[in-house]
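S.K.: My questions all concern the structure below.
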Amino acid sequence: MVTREARAVEVQGRPAFRVLDLGLEPYAVTLRRQEELVQERLQDAVPDTLILVEHPPVVTLGRAKSTANLRETPEALRARGIEFFEVTRGGDVTYHAPGQLVGYPIFDLRQHGRDVLRFCRGVEAALIGVLREYGLTALAVPGKAGVWIGEQKVASLGISLRRWVTFHGFALNVSTDLTGFRAIRPCGEAPEVMTSMEALLGRAVPMREVRERVQGWFAEVFHLDGSGSVVG
């Protein structure tokens with residue numbers, strides 16, 4: 001096991017990127033880490049970085065701030081051990097919990113076409129590629145952020161941008177306890193719309209395996225080299 005100080009190299013002309021695998025970490029800690037990395041990326045002190053993490057139960061409300069989609073008050077959530085944060089990402093309300101792989105790309109879009117929509121479609125494409133490896137046919141639905149399988153949503157997406165550097169990101173339900181979504185209307189949808197890889201497959205899915213495949217697909221979709229990434 002190596003430290004969180006990730007090394008990055010450039011191979012075969014592809015720009016380097018690194019993955020910081022943080023395991024289970026409180027939302028507030030990772031949020032501060034994102035802020036620090038955004039500043040470092042703006043100064044070109046670090047390469048494009050993908051944080052992979054799981055969070056203890058937490059509800060976050062994005063820029064849309066539609067409190068109508070909260071089915072419980074922030075106070076009621078906290079009383080049940082679910083944290084609550086208002087954040088600057090795009091989108092509405094969502095839920096994170098163990099068993100959900102959350103990814104925060106700290107990417108400089110000046111190196112990726114200066115196109116936010118294209119970047120979001122790339123994130124969705126990477127997740128669709130991961131799901132395809134498990135025999136799941138997923139797609140992006142026009143007008144709806146995230147990744148869907150039939151009428152059910154398996155991954156959510158909400159991005160922020162600061163001087164062309166991205167932060168916040170995606171949440172892929174791997175083995176998440178889906179009952180947690182009952183506290184909200186996720187992005188305005190009924191809680192029952194949410195599903196997970198394990199619910200769809202009817203079997204256990206190793207989180208470590210999913211993390212590795214996400215890293216590989218990010219490298220593929222964004223034409224990056226992740227061979228210097230390390231696990232934190």
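Residues in the structure tokens are numbered from 1 in each chain, the chains being A, B, ... in the order shown, and ligands are numbered from 1 in the order shown.
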As number ranges by chain, please: every residue in segment 14-138 of chain A that DSSP puts in helix (DSSP H, G or I).
M.R.: A: 27-42, 67-69, 74-79, 109-111, 116-133
S.K.: So that I can see what lies close to Asp48 of chain A, please list as an NGL selection string the residues with an atom at most 9 Å from it, counting only C-alpha atoms and leaving out residues fewer than 4 positions away in the same chain.
M.R.: :A and (15-19 or 41 or 105-108 or 224)
S.K.: List as a list in words the protein and nucleic acid residues near Arg63 of chain A, meaning an atom at most 8 Å away when only C-alpha atoms are counted, but skip any in the same chain fewer than 2 places from it.
M.R.: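 Result of the neighbour search: Leu61, Lys65, Glu86, Val87, Thr88, Arg89, Gly90, Gly91 and Asp92 of chain A.
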S.K.: Based on the selection just made, write N, CA and C atoms of those residues as a short mmCIF file (atom, residue, chain, number, x, y, z; two decimals), in the first residue's frame.
M.R.:
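Writing the result to result_12.cif gives the following:
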data_model
loop_
_atom_site.label_atom_id
_atom_site.label_comp_id
_atom_site.auth_asym_id
_atom_site.auth_seq_id
_atom_site.Cartn_x
_atom_site.Cartn_y
_atom_site.Cartn_z
N LEU A 61 -27.47 18.68 -1.64
CA LEU A 61 -28.40 19.48 -2.45
C LEU A 61 -27.58 20.40 -3.34
N LYS A 65 -31.22 23.49 -5.80
CA LYS A 65 -31.75 23.76 -4.45
C LYS A 65 -33.27 23.63 -4.37
N GLU A 86 -25.46 21.54 1.51
CA GLU A 86 -25.77 22.28 0.29
C GLU A 86 -24.45 22.57 -0.40
N VAL A 87 -24.37 22.23 -1.70
CA VAL A 87 -23.09 22.32 -2.41
C VAL A 87 -23.28 23.04 -3.74
N THR A 88 -22.16 23.26 -4.43
CA THR A 88 -22.17 24.09 -5.65
C THR A 88 -22.26 23.28 -6.93
N ARG A 89 -22.39 21.97 -6.83
CA ARG A 89 -22.45 21.17 -8.07
C ARG A 89 -23.75 21.45 -8.80
N GLY A 90 -23.78 21.05 -10.09
CA GLY A 90 -25.02 21.10 -10.82
C GLY A 90 -25.97 20.03 -10.32
N GLY A 91 -27.22 20.15 -10.71
CA GLY A 91 -28.19 19.14 -10.33
C GLY A 91 -28.95 19.48 -9.06
N ASP A 92 -29.72 18.51 -8.62
CA ASP A 92 -30.65 18.72 -7.52
C ASP A 92 -30.16 17.96 -6.29
#
S.K.: Residues at most 12 Å from segment 189-195 of chain A, counting only C-alpha atoms, excluding those fewer than 2 positions away in the same chain, as a ChimeraX atom specification?
M.R.: /A:68-71,92-95,99-100,144-156,171-187,197-202
S.K.: Report as a list of chain:residue names all protein, DNA and RNA residues lying within 10 Å of Cys120 of chain A, evaluated on only C-alpha atoms, omitting residues in the same chain fewer than 6 positions from it.
M.R.: A:Ala126, A:Ala145, A:Gly146, A:Leu157, A:Gly158, A:Ile159, A:Gly169, A:Phe170
S.K.: What would the file look like if the residues just selected were written as a PDB file, in the first residue's frame with N, CA and C atoms?
M.R.:
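out_25.pdb was written with the following content:
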ATOM      1  N   ALA A 126     -17.835   6.627 -19.890  1.00  0.00           N
ATOM      2  CA  ALA A 126     -16.941   5.774 -19.112  1.00  0.00           C
ATOM      3  C   ALA A 126     -17.744   4.821 -18.229  1.00  0.00           C
ATOM      4  N   ALA A 145     -29.329  13.986 -16.668  1.00  0.00           N
ATOM      5  CA  ALA A 145     -27.942  13.639 -16.356  1.00  0.00           C
ATOM      6  C   ALA A 145     -27.896  12.262 -15.721  1.00  0.00           C
ATOM      7  N   GLY A 146     -26.767  11.575 -15.910  1.00  0.00           N
ATOM      8  CA  GLY A 146     -26.591  10.274 -15.287  1.00  0.00           C
ATOM      9  C   GLY A 146     -26.693   9.137 -16.279  1.00  0.00           C
ATOM     10  N   LEU A 157     -25.025  12.192 -11.831  1.00  0.00           N
ATOM     11  CA  LEU A 157     -23.933  13.054 -12.280  1.00  0.00           C
ATOM     12  C   LEU A 157     -24.248  14.507 -11.955  1.00  0.00           C
ATOM     13  N   GLY A 158     -23.273  15.213 -11.373  1.00  0.00           N
ATOM     14  CA  GLY A 158     -23.404  16.639 -11.094  1.00  0.00           C
ATOM     15  C   GLY A 158     -22.016  17.266 -11.019  1.00  0.00           C
ATOM     16  N   ILE A 159     -21.726  18.185 -11.916  1.00  0.00           N
ATOM     17  CA  ILE A 159     -20.378  18.742 -12.083  1.00  0.00           C
ATOM     18  C   ILE A 159     -20.374  20.233 -11.749  1.00  0.00           C
ATOM     19  N   GLY A 169     -18.907  15.389  -9.186  1.00  0.00           N
ATOM     20  CA  GLY A 169     -18.764  14.310 -10.151  1.00  0.00           C
ATOM     21  C   GLY A 169     -19.923  13.344 -10.225  1.00  0.00           C
ATOM     22  N   PHE A 170     -19.616  12.028 -10.111  1.00  0.00           N
ATOM     23  CA  PHE A 170     -20.621  11.001 -10.348  1.00  0.00           C
ATOM     24  C   PHE A 170     -20.765  10.089  -9.143  1.00  0.00           C
TER      25      PHE A 170
END
S.K.: Atom CA of Trp217 of chain A and atom CA of Val130 of chain A are how many Å apart?
M.R.: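 Separation between atom CA of Trp217 of chain A and atom CA of Val130 of chain A: 6.8 Å.
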S.K.: From the list A:Glu54, A:Asp44, A:Glu124, A:Asp115, which residue is nearest His96 of chain A when using only C-alpha atoms?
M.R.: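 Under the stated criterion, the closest residue is A:Glu54.
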S.K.: Using Å and a single decimal, report how far atom CA of Thr60 of chain A sits from atom CA of Phe85 of chain A.
M.R.: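 Computed distance, atom CA of Phe85 of chain A to atom CA of Thr60 of chain A, equals 4.8 Å.
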S.K.: Nearest to Thr49 of chain A among A:Gly113, A:Gly62, A:Gly103, A:Gly81, with distances taken over only C-alpha atoms: which residue is it?
M.R.: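 Among the listed residues, the smallest separation from Thr49 of chain A belongs to A:Gly103.
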S.K.: Please compute the atom CA of Val205 of chain A-atom CA of Leu139 of chain A distance, one decimal, in Å.
M.R.: 20.0 Å
S.K.: I'd like the contact shell of Leu77 of chain A - 9 Å cut-off, only C-alpha atoms, skipping same-chain residues fewer than 4 positions apart - returned as a PyMOL selection string.
M.R.: chain A and resi 58-59+72-73+81-84+183
S.K.: How about saving the chosen residues, N, CA and C atoms kept, as a short mmCIF file (atom, residue, chain, number, x, y, z; two decimals), in the first residue's frame?
M.R.:
data_model
loop_
_atom_site.label_atom_id
_atom_site.label_comp_id
_atom_site.auth_asym_id
_atom_site.auth_seq_id
_atom_site.Cartn_x
_atom_site.Cartn_y
_atom_site.Cartn_z
N VAL A 58 -25.16 10.39 3.46
CA VAL A 58 -25.20 11.84 3.35
C VAL A 58 -26.13 12.23 2.21
N VAL A 59 -26.89 13.29 2.39
CA VAL A 59 -27.72 13.88 1.35
C VAL A 59 -27.09 15.21 0.96
N GLU A 72 -37.55 14.57 3.76
CA GLU A 72 -37.32 14.76 5.19
C GLU A 72 -36.54 16.05 5.36
N THR A 73 -36.72 16.73 6.46
CA THR A 73 -35.97 17.96 6.72
C THR A 73 -34.51 17.61 7.01
N GLY A 81 -28.83 10.04 11.53
CA GLY A 81 -27.44 9.75 11.21
C GLY A 81 -27.05 9.98 9.78
N ILE A 82 -27.87 10.74 9.04
CA ILE A 82 -27.59 11.08 7.64
C ILE A 82 -27.18 12.55 7.58
N GLU A 83 -25.97 12.82 7.16
CA GLU A 83 -25.52 14.22 7.08
C GLU A 83 -26.23 14.93 5.93
N PHE A 84 -26.18 16.27 5.96
CA PHE A 84 -26.82 17.07 4.92
C PHE A 84 -25.91 18.24 4.55
N ALA A 183 -35.52 8.98 1.43
CA ALA A 183 -35.51 10.28 2.11
C ALA A 183 -35.60 11.45 1.15
#
S.K.: Can you tell me, as a PyMOL selection string, which residues in segment 25-199 of chain A count as strand (DSSP E) by DSSP?
M.R.: chain A and resi 48-54+58-61+83-86+93-96+100-106+139-141+144-149+152-162+165-173
S.K.: I need the residues from that last selection saved to file as an mmCIF file, in the first residue's frame (with C-alpha atoms), if you can.
M.R.:
data_model
loop_
_atom_site.group_PDB
_atom_site.id
_atom_site.type_symbol
_atom_site.label_atom_id
_atom_site.label_comp_id
_atom_site.auth_asym_id
_atom_site.auth_seq_id
_atom_site.Cartn_x
_atom_site.Cartn_y
_atom_site.Cartn_z
ATOM 1 C CA ASP A 48 -5.786 15.537 -13.915
ATOM 2 C CA THR A 49 -6.941 13.613 -10.856
ATOM 3 C CA LEU A 50 -9.856 11.250 -10.270
ATOM 4 C CA ILE A 51 -10.877 10.783 -6.642
ATOM 5 C CA LEU A 52 -12.666 7.485 -5.950
ATOM 6 C CA VAL A 53 -14.374 7.221 -2.583
ATOM 7 C CA GLU A 54 -17.346 5.914 -0.626
ATOM 8 C CA VAL A 58 -25.201 11.843 3.350
ATOM 9 C CA VAL A 59 -27.716 13.882 1.347
ATOM 10 C CA THR A 60 -26.382 16.709 -0.811
ATOM 11 C CA LEU A 61 -28.397 19.481 -2.449
ATOM 12 C CA GLU A 83 -25.521 14.215 7.075
ATOM 13 C CA PHE A 84 -26.816 17.070 4.923
ATOM 14 C CA PHE A 85 -24.873 19.545 2.760
ATOM 15 C CA GLU A 86 -25.770 22.279 0.293
ATOM 16 C CA VAL A 93 -30.664 16.420 -4.493
ATOM 17 C CA THR A 94 -28.887 13.093 -4.223
ATOM 18 C CA TYR A 95 -27.884 10.488 -1.657
ATOM 19 C CA HIS A 96 -24.523 8.846 -0.959
ATOM 20 C CA GLN A 100 -21.855 3.538 -3.870
ATOM 21 C CA LEU A 101 -18.710 4.430 -5.800
ATOM 22 C CA VAL A 102 -18.385 8.204 -5.914
ATOM 23 C CA GLY A 103 -15.944 9.768 -8.356
ATOM 24 C CA TYR A 104 -14.697 13.353 -8.343
ATOM 25 C CA PRO A 105 -12.730 14.236 -11.505
ATOM 26 C CA ILE A 106 -10.439 17.238 -10.973
ATOM 27 C CA LEU A 139 -27.370 4.551 -21.772
ATOM 28 C CA ALA A 140 -27.517 8.296 -21.259
ATOM 29 C CA VAL A 141 -31.004 9.784 -21.587
ATOM 30 C CA LYS A 144 -31.386 13.763 -17.917
ATOM 31 C CA ALA A 145 -27.942 13.639 -16.356
ATOM 32 C CA GLY A 146 -26.591 10.274 -15.287
ATOM 33 C CA VAL A 147 -26.745 6.710 -16.570
ATOM 34 C CA TRP A 148 -29.872 4.616 -16.978
ATOM 35 C CA ILE A 149 -30.711 0.968 -17.549
ATOM 36 C CA GLN A 152 -34.027 2.774 -13.751
ATOM 37 C CA LYS A 153 -31.116 5.024 -12.863
ATOM 38 C CA VAL A 154 -27.859 3.402 -11.782
ATOM 39 C CA ALA A 155 -25.553 6.436 -11.728
ATOM 40 C CA SER A 156 -26.014 10.140 -10.992
ATOM 41 C CA LEU A 157 -23.933 13.054 -12.280
ATOM 42 C CA GLY A 158 -23.404 16.639 -11.094
ATOM 43 C CA ILE A 159 -20.378 18.742 -12.083
ATOM 44 C CA SER A 160 -19.007 22.140 -11.041
ATOM 45 C CA LEU A 161 -16.435 24.215 -12.852
ATOM 46 C CA ARG A 162 -13.878 26.729 -11.627
ATOM 47 C CA VAL A 165 -11.225 22.897 -13.732
ATOM 48 C CA THR A 166 -13.963 20.420 -12.837
ATOM 49 C CA PHE A 167 -14.952 19.127 -9.421
ATOM 50 C CA HIS A 168 -17.853 17.205 -7.871
ATOM 51 C CA GLY A 169 -18.764 14.310 -10.151
ATOM 52 C CA PHE A 170 -20.621 11.001 -10.348
ATOM 53 C CA ALA A 171 -22.133 8.366 -8.055
ATOM 54 C CA LEU A 172 -22.399 4.756 -9.289
ATOM 55 C CA ASN A 173 -24.613 2.450 -7.239
#
S.K.: Between A:Arg80, A:His223, A:Arg132, A:Arg203, single out the one closest to Pro57 of chain A, counting only C-alpha atoms.
M.R.: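 Of A:Arg80, A:His223, A:Arg132, A:Arg203, the one nearest Pro57 of chain A, counting only C-alpha atoms, is A:Arg80.
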